[in-house]
Amino acid sequence: MNRTPRSLNRVLLGLAGLLLLALGAGLVLLSVDPAAASWWQETGPAVMAEGGRILGSTAIPGQTQSWLWPALALAMIVIAVLLVLWIAAQGRGRVDTLIAEYDDEGASGRIAISGAVPEQALREALLKDPDVTSVGVSTWALRNGNGLRVRIVPRQGAAPHLVAADATNLVDALDAALGRSSTVLISLEAGRRYRIGREERVR
């Protein structure tokens with residue numbers, strides 16, 4: 001339900017994995033293959049000399065320092081900013097309001113129901129079930145309005161379908177109390193000591 005850029009994450013992780021894999025494979029090859037080690041011993045000094053020549057040819061006028069170092073520092077700053085933006089893009093979509101409507105009949109005004117109301121009501125009602133160990137309820141922004149995500153961790157030995165059915169009945173009762181039907185994702189998750197298949201249902 002969140003707006004995490006999953007495709008971008010997969011691409012970035014894939015590229016980073018390939019880069020690290022290639023680097024690791026090269027280091028292993030240099031350490032186990034005598035021919036590769038001999039090639040590097042012959043090529044390494046030439047590469048270092050070429051790097052020194054490039055630094056010398058790109059020196060700042062009137063100085064001995066190459067302009068490549070400030071450019072590298074600027075590139076690192078840009079990368080750091082992009083990483084911060086990438087981190088900020090993870091998990092977006094949480095909102096504070098579940099329902100917001102504008103009524104222009106009679107005295108016009110805006111009616112809003114905070115997400116804390118259904119979150120607290122569902123959490124307290126679900127925790128009364130002896131087959132439930134923990135509950136997490138949050139409000140998210142969807143394309144067709146806002147909705148709820150309900151995460152339930154059943155107790156060991158509990159029937160997941162019965163817990164899901166009880167949660168569905170509570171959501172129906174909440175919709176009747178609010179007078180509005182909202183999209184709700186009910187997710188049954190395994191705890192640390194209780195590993196079951198994950199079951200999800202969307203109303």
# chains A, B, ... in the order shown; residues from 1 in each chain; ligands from 1
call {"tool": "select_by_dssp", "arguments": {"residues": "stretch 98-142 of chain A", "states": "strand (DSSP E)", "output": "short mmCIF file (atom, residue, chain, number, x, y, z; two decimals) with N, CA, C and O atoms, in the first residue's frame"}}
result
data_model
loop_
_atom_site.label_atom_id
_atom_site.label_comp_id
_atom_site.auth_asym_id
_atom_site.auth_seq_id
_atom_site.Cartn_x
_atom_site.Cartn_y
_atom_site.Cartn_z
N LEU A 98 -8.53 9.43 7.54
CA LEU A 98 -9.13 8.32 6.82
C LEU A 98 -10.22 8.80 5.87
O LEU A 98 -10.26 8.40 4.70
N ILE A 99 -11.10 9.66 6.34
CA ILE A 99 -12.23 10.14 5.54
C ILE A 99 -12.28 11.66 5.63
O ILE A 99 -12.18 12.23 6.72
N ALA A 100 -12.43 12.31 4.49
CA ALA A 100 -12.57 13.77 4.45
C ALA A 100 -13.57 14.10 3.34
O ALA A 100 -13.35 13.77 2.18
N GLU A 101 -14.67 14.74 3.71
CA GLU A 101 -15.71 15.09 2.75
C GLU A 101 -16.15 16.54 2.98
O GLU A 101 -16.09 17.04 4.10
N TYR A 102 -16.59 17.14 1.89
CA TYR A 102 -17.09 18.52 1.96
C TYR A 102 -18.60 18.49 1.78
O TYR A 102 -19.11 17.93 0.81
N ASP A 103 -19.31 19.07 2.71
CA ASP A 103 -20.77 19.09 2.70
C ASP A 103 -21.24 20.52 2.40
O ASP A 103 -20.95 21.44 3.18
N GLY A 109 -19.32 22.97 5.05
CA GLY A 109 -18.14 22.70 5.87
C GLY A 109 -17.50 21.39 5.49
O GLY A 109 -18.03 20.62 4.68
N ARG A 110 -16.37 21.13 6.06
CA ARG A 110 -15.59 19.93 5.76
C ARG A 110 -15.67 18.98 6.94
O ARG A 110 -15.45 19.37 8.09
N ILE A 111 -15.97 17.72 6.64
CA ILE A 111 -16.05 16.68 7.66
C ILE A 111 -14.86 15.74 7.48
O ILE A 111 -14.66 15.19 6.39
N ALA A 112 -14.08 15.55 8.52
CA ALA A 112 -12.90 14.70 8.44
C ALA A 112 -12.86 13.78 9.65
O ALA A 112 -13.21 14.19 10.77
N ILE A 113 -12.48 12.55 9.41
CA ILE A 113 -12.31 11.55 10.47
C ILE A 113 -10.85 11.15 10.51
O ILE A 113 -10.31 10.65 9.52
N SER A 114 -10.21 11.38 11.63
CA SER A 114 -8.79 11.06 11.77
C SER A 114 -8.58 9.55 11.70
O SER A 114 -9.41 8.77 12.16
N VAL A 132 -4.95 -13.68 19.23
CA VAL A 132 -4.14 -12.62 18.62
C VAL A 132 -3.10 -12.15 19.64
O VAL A 132 -3.44 -11.83 20.78
N THR A 133 -1.84 -12.11 19.21
CA THR A 133 -0.76 -11.66 20.10
C THR A 133 -0.42 -10.19 19.92
O THR A 133 -0.10 -9.50 20.89
N SER A 134 -0.48 -9.69 18.70
CA SER A 134 -0.18 -8.27 18.46
C SER A 134 -0.92 -7.80 17.21
O SER A 134 -1.23 -8.59 16.32
N VAL A 135 -1.18 -6.48 17.19
CA VAL A 135 -1.93 -5.88 16.09
C VAL A 135 -1.28 -4.55 15.73
O VAL A 135 -0.86 -3.79 16.61
N GLY A 136 -1.19 -4.28 14.45
CA GLY A 136 -0.73 -2.98 13.96
C GLY A 136 -1.70 -2.45 12.93
O GLY A 136 -2.02 -3.14 11.96
N VAL A 137 -2.21 -1.24 13.13
CA VAL A 137 -3.17 -0.63 12.22
C VAL A 137 -2.63 0.72 11.78
O VAL A 137 -2.17 1.51 12.61
N SER A 138 -2.67 0.98 10.49
CA SER A 138 -2.16 2.25 9.95
C SER A 138 -3.04 2.70 8.80
O SER A 138 -3.75 1.89 8.19
N THR A 139 -3.00 4.00 8.52
CA THR A 139 -3.82 4.61 7.47
C THR A 139 -2.92 5.00 6.30
O THR A 139 -1.87 5.61 6.50
N TRP A 140 -3.37 4.65 5.07
CA TRP A 140 -2.56 4.88 3.88
C TRP A 140 -3.38 5.58 2.80
O TRP A 140 -4.60 5.43 2.74
N ALA A 141 -2.69 6.32 1.97
CA ALA A 141 -3.32 6.99 0.83
C ALA A 141 -3.35 6.04 -0.36
O ALA A 141 -2.33 5.47 -0.74
N LEU A 142 -4.54 5.87 -0.97
CA LEU A 142 -4.73 5.01 -2.12
C LEU A 142 -5.19 5.85 -3.31
O LEU A 142 -5.47 7.04 -3.17
#
call {"tool": "select_by_dssp", "arguments": {"residues": "stretch 32-141 of chain A", "states": "alpha helix (DSSP H)", "output": "ChimeraX atom specification"}}
result
/A:32,34-57,68-88,116-127
call {"tool": "residues_around", "arguments": {"residues": "A:Trp40", "least_positions_apart": "6", "cutoff": "12 Å", "atoms": "only C-alpha atoms", "output": "list in words"}}
result
Gly26, Leu27, Leu29, Leu30, Ser31, Asp33, Pro34, Ala46, Val47 and Met48 of chain A
call {"tool": "closest_residue", "arguments": {"among": "A:Ser182, A:Val163, A:Pro130, A:Gln120", "to": "A:Asn144", "atoms": "only C-alpha atoms"}}
result
A:Ser182
call {"tool": "atom_distance", "arguments": {"atom1": "atom CA of A:Ala25", "atom2": "atom CA of A:Ala37"}}
result
13.2 Å
call {"tool": "atom_distance", "arguments": {"atom1": "atom CA of A:Ala59", "atom2": "atom CA of A:Leu74"}}
result
16.8 Å
call {"tool": "atom_distance", "arguments": {"atom1": "atom CA of A:Ala35", "atom2": "atom CA of A:Gly52"}}
result
26.2 Å
call {"tool": "closest_residue", "arguments": {"among": "A:Val81, A:Val171, A:Thr97, A:Gln156", "to": "A:Arg123", "atoms": "only C-alpha atoms"}}
result
A:Val171
